[in-house]
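For reference, structure-v6.tsv (TSV, C-alpha atoms and all ligand atoms):
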```
chain	number	residue	atom	x	y	z
A	1	MET	CA	-19.49	-181.31	60.31
A	2	ALA	CA	-17.89	-180.25	57.02
A	3	PRO	CA	-17.92	-176.47	56.49
A	4	THR	CA	-20.59	-175.37	54.00
A	5	ALA	CA	-19.39	-173.72	50.83
A	6	ALA	CA	-20.46	-170.17	50.04
A	7	LEU	CA	-22.26	-170.06	46.72
A	8	VAL	CA	-23.08	-166.36	46.69
A	9	GLU	CA	-20.58	-163.95	48.19
A	10	ALA	CA	-21.33	-160.25	47.90
A	11	SER	CA	-19.56	-157.60	49.88
A	12	GLY	CA	-20.10	-153.86	49.85
A	13	LEU	CA	-22.20	-154.24	46.72
A	14	VAL	CA	-23.39	-150.91	45.31
A	15	LYS	CA	-25.37	-150.12	42.18
A	16	GLU	CA	-26.10	-146.55	41.21
A	17	PHE	CA	-28.36	-145.43	38.39
A	18	ARG	CA	-28.29	-142.03	36.81
A	19	ARG	CA	-31.71	-140.52	36.42
A	20	PRO	CA	-32.33	-137.52	34.18
A	21	ARG	CA	-33.17	-134.41	36.17
A	22	LYS	CA	-35.42	-132.11	34.17
A	23	ALA	CA	-37.76	-129.31	35.04
A	24	PRO	CA	-41.42	-129.97	34.23
A	25	GLY	CA	-42.98	-128.86	30.93
A	26	LEU	CA	-41.69	-128.30	27.42
A	27	ALA	CA	-39.14	-125.66	28.47
A	28	GLY	CA	-37.68	-128.16	30.95
A	29	ALA	CA	-37.52	-130.89	28.30
A	30	LEU	CA	-35.79	-128.56	25.83
A	31	ARG	CA	-33.32	-127.33	28.46
A	32	HIS	CA	-32.57	-130.96	29.32
A	33	LEU	CA	-31.67	-131.61	25.68
A	34	VAL	CA	-29.03	-128.89	25.81
A	35	THR	CA	-27.62	-129.27	29.32
A	36	ARG	CA	-28.21	-132.79	30.52
A	37	ARG	CA	-28.32	-133.10	34.29
A	38	PHE	CA	-28.66	-136.28	36.25
A	39	ASP	CA	-29.44	-137.37	39.79
A	40	VAL	CA	-27.64	-140.41	41.09
A	41	HIS	CA	-29.86	-143.01	42.72
A	42	ARG	CA	-28.38	-145.85	44.79
A	43	ALA	CA	-30.64	-148.84	44.11
A	44	VAL	CA	-28.26	-151.14	46.01
A	45	ASP	CA	-26.41	-149.42	48.81
A	46	GLY	CA	-23.68	-151.60	50.29
A	47	ILE	CA	-25.05	-155.12	50.46
A	48	ASP	CA	-23.12	-157.91	52.19
A	49	LEU	CA	-24.72	-161.25	51.48
A	50	ARG	CA	-23.45	-164.79	51.79
A	51	VAL	CA	-25.62	-167.69	50.66
A	52	ASP	CA	-24.33	-171.19	51.26
A	53	GLU	CA	-24.87	-174.16	48.99
A	54	GLY	CA	-28.28	-175.74	49.71
A	55	GLU	CA	-29.85	-172.72	51.42
A	56	SER	CA	-33.35	-171.45	50.59
A	57	VAL	CA	-33.49	-167.70	51.03
A	58	ALA	CA	-36.46	-165.36	50.72
A	59	TYR	CA	-35.19	-161.99	49.51
A	60	VAL	CA	-38.02	-159.61	50.25
A	61	GLY	CA	-38.74	-155.92	50.55
A	62	PRO	CA	-41.13	-153.19	49.45
A	63	ASN	CA	-41.41	-152.10	45.81
A	64	GLY	CA	-38.26	-150.34	44.67
A	65	ALA	CA	-36.16	-151.75	47.54
A	66	GLY	CA	-33.45	-153.05	45.20
A	67	LYS	CA	-34.33	-156.74	44.96
A	68	SER	CA	-34.37	-157.06	41.16
A	69	THR	CA	-31.24	-154.95	40.92
A	70	THR	CA	-29.47	-157.35	43.31
A	71	VAL	CA	-30.59	-160.35	41.24
A	72	LYS	CA	-29.42	-158.61	38.05
A	73	LEU	CA	-26.00	-158.09	39.68
A	74	LEU	CA	-25.90	-161.78	40.60
A	75	THR	CA	-26.75	-162.82	37.05
A	76	GLY	CA	-24.20	-160.44	35.54
A	77	ILE	CA	-26.82	-158.43	33.63
A	78	LEU	CA	-25.64	-155.35	35.55
A	79	VAL	CA	-22.13	-154.29	36.49
A	80	PRO	CA	-21.78	-153.08	40.10
A	81	THR	CA	-20.77	-149.48	40.75
A	82	ALA	CA	-18.67	-150.72	43.70
A	83	GLY	CA	-18.11	-153.83	45.76
A	84	GLU	CA	-17.43	-157.46	45.02
A	85	VAL	CA	-19.67	-160.30	43.93
A	86	ARG	CA	-19.00	-163.95	43.21
A	87	VAL	CA	-21.40	-166.76	42.43
A	88	ALA	CA	-19.87	-170.23	42.64
A	89	GLY	CA	-16.47	-168.56	42.38
A	90	VAL	CA	-17.36	-166.71	39.17
A	91	VAL	CA	-17.60	-162.91	38.92
A	92	PRO	CA	-20.96	-162.75	37.10
A	93	HIS	CA	-20.45	-159.59	35.00
A	94	ARG	CA	-16.92	-160.66	33.97
A	95	ASP	CA	-17.90	-164.13	32.84
A	96	ARG	CA	-21.60	-164.22	32.07
A	97	VAL	CA	-21.36	-167.48	30.12
A	98	ALA	CA	-19.70	-169.43	32.96
A	99	ASN	CA	-22.10	-167.83	35.43
A	100	ALA	CA	-25.14	-168.77	33.30
A	101	ARG	CA	-24.18	-172.45	33.57
A	102	ASN	CA	-24.42	-172.22	37.36
A	103	VAL	CA	-27.65	-170.25	37.63
A	104	GLY	CA	-31.27	-170.55	36.57
A	105	VAL	CA	-33.68	-167.62	36.55
A	106	VAL	CA	-37.48	-167.56	36.61
A	107	PHE	CA	-39.51	-164.37	36.38
A	108	GLY	CA	-43.19	-164.85	37.26
A	109	GLN	CA	-44.26	-161.97	35.08
A	110	ARG	CA	-42.10	-162.78	32.07
A	111	THR	CA	-41.38	-165.95	30.20
A	112	GLN	CA	-38.22	-167.30	28.62
A	113	LEU	CA	-40.26	-169.60	26.37
A	114	TRP	CA	-40.30	-168.68	22.69
A	115	TRP	CA	-43.86	-167.42	22.32
A	116	ASP	CA	-44.64	-168.81	18.86
A	117	LEU	CA	-42.86	-172.16	19.23
A	118	PRO	CA	-43.91	-175.43	20.84
A	119	VAL	CA	-42.51	-175.75	24.37
A	120	GLN	CA	-40.31	-178.65	23.21
A	121	ASP	CA	-38.49	-176.36	20.74
A	122	THR	CA	-37.54	-173.90	23.50
A	123	PHE	CA	-36.12	-176.76	25.51
A	124	GLU	CA	-34.05	-177.93	22.53
A	125	LEU	CA	-32.77	-174.40	21.92
A	126	LEU	CA	-31.75	-174.18	25.58
A	127	ARG	CA	-30.08	-177.59	25.34
A	128	ASP	CA	-27.97	-176.32	22.44
A	129	MET	CA	-27.30	-172.97	24.14
A	130	TYR	CA	-26.03	-174.60	27.32
A	131	ARG	CA	-24.35	-177.43	25.35
A	132	ILE	CA	-26.08	-180.03	27.53
A	133	PRO	CA	-24.86	-183.55	26.56
A	134	ALA	CA	-27.62	-185.76	25.12
A	135	ALA	CA	-27.67	-188.22	28.03
A	136	ASP	CA	-27.86	-185.42	30.64
A	137	TYR	CA	-30.63	-183.70	28.66
A	138	ARG	CA	-32.69	-186.92	28.56
A	139	ARG	CA	-32.25	-187.50	32.29
A	140	SER	CA	-33.09	-183.91	33.16
A	141	MET	CA	-36.15	-183.88	30.85
A	142	ASP	CA	-37.44	-187.17	32.25
A	143	ARG	CA	-37.17	-185.87	35.81
A	144	LEU	CA	-38.78	-182.50	35.04
A	145	CYS	CA	-41.59	-184.08	32.98
A	146	GLU	CA	-42.35	-186.34	35.89
A	147	VAL	CA	-42.30	-183.84	38.74
A	148	LEU	CA	-43.76	-180.88	36.87
A	149	GLU	CA	-46.09	-183.00	34.71
A	150	ILE	CA	-45.17	-181.09	31.58
A	151	GLY	CA	-45.07	-184.05	29.15
A	152	PRO	CA	-48.45	-183.18	27.58
A	153	LEU	CA	-47.38	-179.52	27.21
A	154	LEU	CA	-44.31	-180.23	25.04
A	155	PRO	CA	-46.08	-180.02	21.64
A	156	VAL	CA	-48.15	-176.95	22.66
A	157	LEU	CA	-47.29	-173.43	21.45
A	158	ALA	CA	-46.10	-171.37	24.42
A	159	ARG	CA	-48.69	-168.68	23.75
A	160	LYS	CA	-51.49	-171.25	24.12
A	161	LEU	CA	-50.50	-172.22	27.68
A	162	SER	CA	-52.49	-171.15	30.73
A	163	LEU	CA	-50.59	-169.15	33.34
A	164	GLY	CA	-50.09	-172.21	35.56
A	165	GLN	CA	-48.91	-174.37	32.64
A	166	ARG	CA	-46.57	-171.59	31.52
A	167	MET	CA	-45.05	-171.33	34.99
A	168	ARG	CA	-44.39	-175.08	35.11
A	169	ALA	CA	-42.79	-174.97	31.66
A	170	ASP	CA	-40.73	-171.91	32.67
A	171	LEU	CA	-39.48	-173.68	35.80
A	172	ALA	CA	-38.43	-176.63	33.64
A	173	ALA	CA	-36.67	-174.29	31.17
A	174	ALA	CA	-34.70	-172.67	34.00
A	175	LEU	CA	-33.68	-176.02	35.51
A	176	LEU	CA	-32.89	-178.01	32.38
A	177	HIS	CA	-29.14	-177.45	32.73
A	178	GLU	CA	-29.30	-178.42	36.45
A	179	PRO	CA	-28.04	-175.11	37.84
A	180	ARG	CA	-26.60	-174.93	41.35
A	181	ILE	CA	-28.64	-171.84	42.23
A	182	VAL	CA	-32.02	-170.62	41.03
A	183	TYR	CA	-33.31	-167.06	41.34
A	184	LEU	CA	-37.09	-166.97	41.39
A	185	ASP	CA	-38.92	-163.67	41.06
A	186	GLU	CA	-42.60	-163.93	42.12
A	187	PRO	CA	-42.98	-167.52	40.86
A	188	THR	CA	-46.55	-167.92	42.15
A	189	ILE	CA	-47.96	-164.53	41.17
A	190	GLY	CA	-51.43	-164.80	39.65
A	191	LEU	CA	-51.64	-168.59	40.05
A	192	ASP	CA	-54.74	-170.17	41.51
A	193	VAL	CA	-54.48	-171.94	44.85
A	194	SER	CA	-54.02	-175.50	43.56
A	195	VAL	CA	-51.32	-174.57	41.02
A	196	LYS	CA	-49.62	-172.41	43.66
A	197	ASP	CA	-49.50	-175.43	45.97
A	198	ARG	CA	-47.96	-177.56	43.23
A	199	VAL	CA	-45.32	-174.98	42.43
A	200	ARG	CA	-44.43	-174.59	46.12
A	201	ALA	CA	-44.26	-178.38	46.60
A	202	PHE	CA	-41.93	-178.55	43.59
A	203	LEU	CA	-39.71	-175.81	45.00
A	204	ARG	CA	-39.55	-177.57	48.37
A	205	GLN	CA	-38.42	-180.72	46.58
A	206	LEU	CA	-35.84	-178.75	44.63
A	207	VAL	CA	-34.38	-177.44	47.89
A	208	ALA	CA	-34.51	-180.92	49.46
A	209	ASP	CA	-32.52	-182.21	46.48
A	210	GLY	CA	-29.78	-179.67	47.22
A	211	THR	CA	-30.45	-176.79	44.79
A	212	THR	CA	-29.87	-173.37	46.32
A	213	VAL	CA	-32.87	-171.06	45.98
A	214	LEU	CA	-33.13	-167.27	46.20
A	215	LEU	CA	-36.79	-166.31	46.10
A	216	THR	CA	-38.26	-162.86	45.67
A	217	THR	CA	-41.92	-162.69	46.56
A	218	HIS	CA	-44.68	-160.63	48.11
A	219	ASP	CA	-46.50	-163.80	49.19
A	220	VAL	CA	-45.96	-164.88	52.80
A	221	GLY	CA	-47.08	-168.43	51.90
A	222	ASP	CA	-44.16	-168.76	49.45
A	223	ILE	CA	-41.74	-167.71	52.19
A	224	GLU	CA	-43.20	-169.94	54.88
A	225	GLU	CA	-43.44	-173.01	52.68
A	226	VAL	CA	-40.24	-172.80	50.66
A	227	CYS	CA	-37.61	-170.84	52.58
A	228	ARG	CA	-35.69	-171.32	55.79
A	229	ARG	CA	-34.00	-167.93	55.82
A	230	ILE	CA	-35.39	-164.46	55.17
A	231	VAL	CA	-33.42	-161.41	54.13
A	232	VAL	CA	-35.35	-158.14	54.19
A	233	VAL	CA	-34.04	-155.35	52.02
A	234	ASP	CA	-35.21	-151.75	52.03
A	235	GLU	CA	-33.77	-148.70	50.28
A	236	GLY	CA	-30.94	-150.83	48.94
A	237	ARG	CA	-29.79	-152.10	52.35
A	238	ILE	CA	-30.28	-155.29	54.28
A	239	ARG	CA	-32.53	-154.57	57.26
A	240	HIS	CA	-32.98	-158.05	58.63
A	241	ASP	CA	-31.40	-161.44	58.05
A	242	GLY	CA	-32.47	-164.50	59.99
A	243	PRO	CA	-34.39	-167.78	60.11
A	244	VAL	CA	-37.98	-167.80	58.82
A	245	ASP	CA	-39.08	-169.83	61.85
A	246	VAL	CA	-38.42	-166.98	64.24
A	247	LEU	CA	-40.49	-164.59	62.17
A	248	ARG	CA	-43.24	-167.14	61.71
A	249	ASP	CA	-43.65	-167.40	65.46
A	250	THR	CA	-43.39	-163.76	66.30
A	251	LEU	CA	-44.78	-161.94	63.29
A	252	ALA	CA	-46.20	-163.77	60.36
A	253	GLY	CA	-48.77	-166.01	62.02
A	254	HIS	CA	-51.21	-163.17	62.49
A	255	SER	CA	-54.52	-162.29	60.94
A	256	THR	CA	-56.73	-159.27	61.28
A	257	VAL	CA	-60.52	-159.25	61.31
A	258	ARG	CA	-62.10	-155.90	60.47
A	259	PHE	CA	-65.66	-155.49	61.72
A	260	GLN	CA	-68.30	-152.97	60.87
A	261	LEU	CA	-70.65	-152.68	63.83
A	262	ALA	CA	-74.21	-151.44	64.25
A	263	ALA	CA	-73.14	-149.11	67.09
A	264	PRO	CA	-69.89	-147.52	68.36
A	265	ALA	CA	-67.34	-150.18	69.33
A	266	PRO	CA	-67.06	-150.94	73.09
A	267	LEU	CA	-63.30	-151.52	72.94
A	268	GLU	CA	-62.76	-152.32	76.63
A	269	LEU	CA	-65.51	-154.95	76.68
A	270	ILE	CA	-64.03	-156.70	73.63
A	271	ARG	CA	-60.50	-156.54	75.11
A	272	GLN	CA	-61.78	-158.28	78.26
A	273	HIS	CA	-63.12	-161.17	76.17
A	274	LEU	CA	-60.12	-161.38	73.83
A	275	PRO	CA	-57.20	-160.63	76.19
A	276	ASP	CA	-54.48	-162.03	73.90
A	277	ALA	CA	-55.64	-160.06	70.82
A	278	GLU	CA	-54.85	-156.47	69.82
A	279	VAL	CA	-58.19	-154.66	69.77
A	280	SER	CA	-58.33	-151.20	68.24
A	281	ALA	CA	-60.70	-148.71	66.65
A	282	GLY	CA	-60.89	-148.53	62.87
A	283	ALA	CA	-61.33	-145.44	60.68
A	284	GLY	CA	-64.89	-144.71	61.90
A	285	GLU	CA	-66.37	-145.07	65.42
A	286	ARG	CA	-68.34	-148.13	64.31
A	287	ASP	CA	-65.26	-149.84	62.90
A	288	LEU	CA	-63.39	-152.38	64.97
A	289	VAL	CA	-60.04	-154.03	64.19
A	290	VAL	CA	-58.93	-157.21	65.96
A	291	ARG	CA	-55.46	-158.58	65.27
A	292	PHE	CA	-54.59	-161.96	66.68
A	293	ASP	CA	-52.16	-164.86	66.52
A	294	ARG	CA	-53.85	-167.39	64.26
A	295	THR	CA	-51.82	-170.22	65.77
A	296	LEU	CA	-53.70	-169.54	69.05
A	297	ARG	CA	-57.23	-169.25	67.70
A	298	PRO	CA	-58.85	-169.40	64.25
A	299	ALA	CA	-60.48	-166.34	62.69
A	300	GLY	CA	-63.90	-167.97	63.08
A	301	ALA	CA	-63.50	-168.06	66.88
A	302	VAL	CA	-62.58	-164.35	66.95
A	303	ALA	CA	-65.58	-163.49	64.77
A	304	ALA	CA	-67.91	-165.59	66.97
A	305	ALA	CA	-66.58	-163.96	70.17
A	306	VAL	CA	-67.21	-160.45	68.82
A	307	MET	CA	-70.62	-161.37	67.42
A	308	GLY	CA	-71.61	-162.71	70.86
A	309	LEU	CA	-70.93	-159.24	72.33
A	310	VAL	CA	-72.06	-156.70	69.73
A	311	GLU	CA	-74.19	-156.50	66.59
A	312	VAL	CA	-71.94	-156.98	63.54
A	313	ARG	CA	-72.98	-155.59	60.12
A	314	ASP	CA	-70.01	-156.81	58.11
A	315	LEU	CA	-66.56	-158.35	58.57
A	316	ARG	CA	-63.41	-159.02	56.54
A	317	ILE	CA	-60.51	-161.32	57.36
A	318	ASP	CA	-56.99	-160.36	56.23
A	319	ASP	CA	-53.99	-162.63	56.54
A	320	GLU	CA	-50.84	-160.60	56.77
A	321	GLY	CA	-48.60	-160.18	53.75
A	322	VAL	CA	-44.95	-159.33	53.31
A	323	ALA	CA	-45.73	-155.60	53.49
A	324	ASP	CA	-47.20	-156.04	57.00
A	325	LEU	CA	-44.28	-158.18	58.00
A	326	ILE	CA	-41.80	-155.49	56.99
A	327	ARG	CA	-43.83	-152.75	58.69
A	328	ARG	CA	-43.91	-154.79	61.90
A	329	LEU	CA	-40.17	-155.36	61.72
A	330	HIS	CA	-39.73	-151.60	61.52
A	331	GLU	CA	-42.08	-151.08	64.46
A	332	ARG	CA	-40.50	-153.83	66.55
A	333	ASP	CA	-36.90	-152.84	66.11
A	334	SER	CA	-35.31	-149.44	66.11
A	335	PRO	CA	-33.57	-148.66	62.79
A	336	ALA	CA	-30.20	-149.14	64.49
A	337	ALA	CA	-31.16	-152.55	65.85
A	338	LEU	CA	-32.51	-153.64	62.46
A	339	THR	CA	-29.28	-153.15	60.57
A	340	GLY	CA	-27.51	-156.46	60.38
A	341	ALA	CA	-29.87	-158.05	62.92
A	342	GLY	CA	-29.55	-161.81	62.82
A	401	LIG	N1	-32.27	-149.24	34.84
A	401	LIG	C1	-32.60	-148.39	35.81
A	401	LIG	N2	-32.42	-147.07	35.68
A	401	LIG	C2	-32.74	-146.19	36.65
A	401	LIG	N3	-33.27	-146.55	37.86
A	401	LIG	C3	-33.49	-147.87	38.05
A	401	LIG	C4	-33.18	-148.86	37.05
A	401	LIG	N4	-33.52	-150.09	37.54
A	401	LIG	C5	-34.01	-149.88	38.78
A	401	LIG	N5	-34.00	-148.55	39.09
A	401	LIG	C6	-34.44	-147.95	40.35
A	401	LIG	O1	-33.75	-148.60	41.41
A	401	LIG	C7	-34.61	-148.82	42.53
A	401	LIG	C8	-34.64	-150.29	42.88
A	401	LIG	O2	-35.32	-150.99	41.82
A	401	LIG	P1	-35.53	-152.58	41.83
A	401	LIG	O3	-36.22	-152.92	40.55
A	401	LIG	O4	-34.25	-153.26	42.14
A	401	LIG	O5	-36.53	-152.75	43.06
A	401	LIG	P2	-37.34	-154.03	43.53
A	401	LIG	O6	-37.05	-154.17	44.99
A	401	LIG	O7	-37.04	-155.19	42.66
A	401	LIG	O8	-38.84	-153.56	43.35
A	401	LIG	P3	-40.16	-154.35	42.85
A	401	LIG	O9	-40.64	-155.17	44.03
A	401	LIG	O10	-41.09	-153.23	42.52
A	401	LIG	O11	-39.75	-155.19	41.67
A	401	LIG	C9	-35.96	-148.25	42.14
A	401	LIG	O12	-36.06	-146.93	42.67
A	401	LIG	C10	-35.91	-148.21	40.62
A	401	LIG	O13	-36.71	-147.17	40.12
```
Here is the file; what I need is its structure written in the form of structure tokens.
Amino acid sequence: MAPTAALVEASGLVKEFRRPRKAPGLAGALRHLVTRRFDVHRAVDGIDLRVDEGESVAYVGPNGAGKSTTVKLLTGILVPTAGEVRVAGVVPHRDRVANARNVGVVFGQRTQLWWDLPVQDTFELLRDMYRIPAADYRRSMDRLCEVLEIGPLLPVLARKLSLGQRMRADLAAALLHEPRIVYLDEPTIGLDVSVKDRVRAFLRQLVADGTTVLLTTHDVGDIEEVCRRIVVVDEGRIRHDGPVDVLRDTLAGHSTVRFQLAAPAPLELIRQHLPDAEVSAGAGERDLVVRFDRTLRPAGAVAAAVMGLVEVRDLRIDDEGVADLIRRLHERDSPAALTGAG
């Protein structure tokens, strides 16, 4: 087998921000004007990351973990405080123009479409910006119009688009110049289920066609359906790096049903009937929490089993999200074992 080429190579990557340190109140603000003091915050704290051509990587972590900062370092928007980074052989912050030709970026909560222009005009501006030859532009547009069904959106002003339409147009805008790697930040946030499915199907196709994808998301469905590898980052460091499949089997395929009962929960009785589930007490003595592997039994079967044993007043089903996944990783592995775990 031919060796795969590294597309992203980061080693010892560090980004520090200076944050103003000021005492509270007006006196503090005035003092800060005279003697400025700063705290140094390491948003990215020594990241080693290699992404090979054709990989699909979920880059996840809690809020403030350093995900966006990493992506900004990869796009060249930020200059690292220390360490090395190359994307397709280019040092992003040294040669932002060359780097921009290789990368596409989509932010779910922001758009790169010109708000007051028809979608078509943004595409033409991008064509000129990236100096895409006419024949390549035609081919790329034809393909994107077909798979993203954006043809009817071309004459529409960007501000008139629905969220789902805007996301499809934004994906097209990011891919028009056929980048080798795409960074996607929460690409399905706020979308309804059917549009979400379409976006995920499109991303799967993109990966199948050989584009490298780095996806930041809080949605476990995005990870499971689009990515083969998951990198978990917390406090600026990589805590876990491995195949999604392993996590899917051991961690992510769980749901929790929370019951409110008419009387105090008989935990032992319920454990006897649901031996492969985790049965625990909730906040109050009439609350019951059952966590189970949803690949073994559906939530309906768990609810029916409990309702056959005790009187249930109310219930809620929660599928686990990325936050649960990260918490479970912390619980499962000691901090030492987590670092660099593969
Ligand atoms: N320009 C900046 N100046 C100062 N601090 C910053 C700056 N940008 C980010 N930070 C801080 O760096 C840390 C990491 O931020 P970052 O945006 O990379 O996190 P994130 O993992 O993307 O979080 P989220 O999921 O909330 O987007 C945070 O504590 C943030 O407040």
How close does chain A get to ligand LIG 401 (chain A)? List, as a tab-separated table, each residue of chain A within 7 Å, its nearest atom pair and the distance in Å to one decimal, counting only C-alpha atoms and all ligand atoms.
```
residue	atom	partner	partner_atom	distance
A:Phe17	CA	A:LIG401	C2	4.8
A:Arg18	CA	A:LIG401	C2	6.1
A:Arg19	CA	A:LIG401	C2	5.8
A:His41	CA	A:LIG401	N3	6.9
A:Arg42	CA	A:LIG401	O1	6.9
A:Ala43	CA	A:LIG401	O1	4.1
A:Gly61	CA	A:LIG401	O6	6.1
A:Pro62	CA	A:LIG401	O9	5.8
A:Asn63	CA	A:LIG401	O10	3.5
A:Gly64	CA	A:LIG401	O5	3.4
A:Ala65	CA	A:LIG401	O6	3.6
A:Gly66	CA	A:LIG401	O4	3.2
A:Lys67	CA	A:LIG401	O6	3.7
A:Ser68	CA	A:LIG401	O7	3.6
A:Thr69	CA	A:LIG401	O4	3.7
A:Thr70	CA	A:LIG401	O4	6.4
```
Using all atoms listed in the file, which residues of region 145-190 of chain A come within 6 Å of region 114-117 of chain A, and what is the closest atom pair for each, with the distance in Å to one decimal? Give it as CSV, sorted by chain and residue number.
```
residue,atom,partner,partner_atom,distance
A:Leu157,CA,A:Leu117,CA,5.1
A:Ala158,CA,A:Trp115,CA,5.0
A:Arg159,CA,A:Trp115,CA,5.2
```
- Note on the structure: Min atom-atom distance to Asp136 (chain A) from the set A:Val87, A:Glu178, A:Arg313, A:Val14, counting only C-alpha atoms, belongs to A:Glu178
- Item | Contacts of Gly54 (chain A) at 12 Å (all atoms listed in the file; same-chain gap of 3+ positions) as a PyMOL selection string | chain A and resi 4-8+51+57+179-182+204-214+227-229
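In this structure, CA of Gly12 (chain A) sits 13.5 Å away from CA of Leu74 (chain A).
The shortest atom-to-atom distance to Asp142 (chain A), with only C-alpha atoms taken into account, belongs to A:Leu176 out of A:Met167, A:Ile223, A:Val195, A:Leu176.
The interatomic distance for the pair CA of Leu296 (chain A) and CA of Val226 (chain A) works out to 23.0 Å.
Computed from the coordinates, the CA of Asp234 (chain A) to CA of Gly108 (chain A) distance equals 21.3 Å.
Around the coordinate (-59.7, -150.4, 56.7), residues that reach within 8 Å when counting all atoms listed in the file are Arg258, Gly282 and Ala283 of chain A.
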- Message: Quick one: residues within 12 Å of Pro152 (chain A), all atoms listed in the file, excluding same-chain residues fewer than 3 positions away - as a PyMOL selection string?
- Response: chain A and resi 118-120+145-146+148-149+155-157+161+165+168-169
- Which polymer residues have any atom within 12 Å of an atom of Arg297 (chain A), counting only C-alpha atoms, with same-chain residues fewer than 4 positions away left out, as a list of chain:residue names? A:Gly253, A:His254, A:Ser255, A:Thr256, A:Leu274, A:Asp276, A:Ala277, A:Arg291, A:Phe292, A:Asp293, A:Ala301, A:Val302, A:Ala303, A:Ala304, A:Ala305
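The smallest atom-to-atom distance between Leu184 (chain A) and any of A:Leu315, A:Leu125, A:Ile150, A:Val106, using all atoms listed in the file, is found for A:Val106.
Distances from A:Asp241, A:Glu84, A:Asp121, A:Glu16 to Leu153 (chain A) were compared using all atoms listed in the file, and the smallest one belongs to A:Asp121.
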N, CA and C atoms restored at region 216-227 of chain A, emitted as a PDB file, in the frame of the given file:
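What landed in result.pdb:
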```
ATOM      1  N   THR A 216     -37.698-164.183  45.446  1.00  0.00           N
ATOM      2  CA  THR A 216     -38.260-162.860  45.670  1.00  0.00           C
ATOM      3  C   THR A 216     -39.773-162.973  45.568  1.00  0.00           C
ATOM      4  N   THR A 217     -40.473-162.514  46.580  1.00  0.00           N
ATOM      5  CA  THR A 217     -41.920-162.690  46.560  1.00  0.00           C
ATOM      6  C   THR A 217     -42.604-161.683  47.457  1.00  0.00           C
ATOM      7  N   HIS A 218     -43.870-161.430  47.196  1.00  0.00           N
ATOM      8  CA  HIS A 218     -44.680-160.630  48.110  1.00  0.00           C
ATOM      9  C   HIS A 218     -45.670-161.535  48.841  1.00  0.00           C
ATOM     10  N   ASP A 219     -45.522-162.855  48.664  1.00  0.00           N
ATOM     11  CA  ASP A 219     -46.500-163.800  49.190  1.00  0.00           C
ATOM     12  C   ASP A 219     -45.904-164.532  50.406  1.00  0.00           C
ATOM     13  N   VAL A 220     -46.494-164.275  51.570  1.00  0.00           N
ATOM     14  CA  VAL A 220     -45.960-164.880  52.800  1.00  0.00           C
ATOM     15  C   VAL A 220     -45.970-166.409  52.723  1.00  0.00           C
ATOM     16  N   GLY A 221     -46.988-166.971  52.045  1.00  0.00           N
ATOM     17  CA  GLY A 221     -47.080-168.430  51.900  1.00  0.00           C
ATOM     18  C   GLY A 221     -45.854-168.994  51.199  1.00  0.00           C
ATOM     19  N   ASP A 222     -45.370-168.310  50.163  1.00  0.00           N
ATOM     20  CA  ASP A 222     -44.160-168.760  49.450  1.00  0.00           C
ATOM     21  C   ASP A 222     -42.989-168.825  50.433  1.00  0.00           C
ATOM     22  N   ILE A 223     -42.872-167.795  51.251  1.00  0.00           N
ATOM     23  CA  ILE A 223     -41.740-167.710  52.190  1.00  0.00           C
ATOM     24  C   ILE A 223     -41.844-168.842  53.207  1.00  0.00           C
ATOM     25  N   GLU A 224     -43.024-168.952  53.814  1.00  0.00           N
ATOM     26  CA  GLU A 224     -43.200-169.940  54.880  1.00  0.00           C
ATOM     27  C   GLU A 224     -42.993-171.361  54.371  1.00  0.00           C
ATOM     28  N   GLU A 225     -43.461-171.624  53.152  1.00  0.00           N
ATOM     29  CA  GLU A 225     -43.440-173.010  52.680  1.00  0.00           C
ATOM     30  C   GLU A 225     -42.160-173.409  51.968  1.00  0.00           C
ATOM     31  N   VAL A 226     -41.408-172.429  51.459  1.00  0.00           N
ATOM     32  CA  VAL A 226     -40.240-172.800  50.660  1.00  0.00           C
ATOM     33  C   VAL A 226     -38.914-172.459  51.353  1.00  0.00           C
ATOM     34  N   CYS A 227     -38.907-171.357  52.129  1.00  0.00           N
ATOM     35  CA  CYS A 227     -37.610-170.840  52.580  1.00  0.00           C
ATOM     36  C   CYS A 227     -37.342-171.058  54.058  1.00  0.00           C
TER      37      CYS A 227
END
```
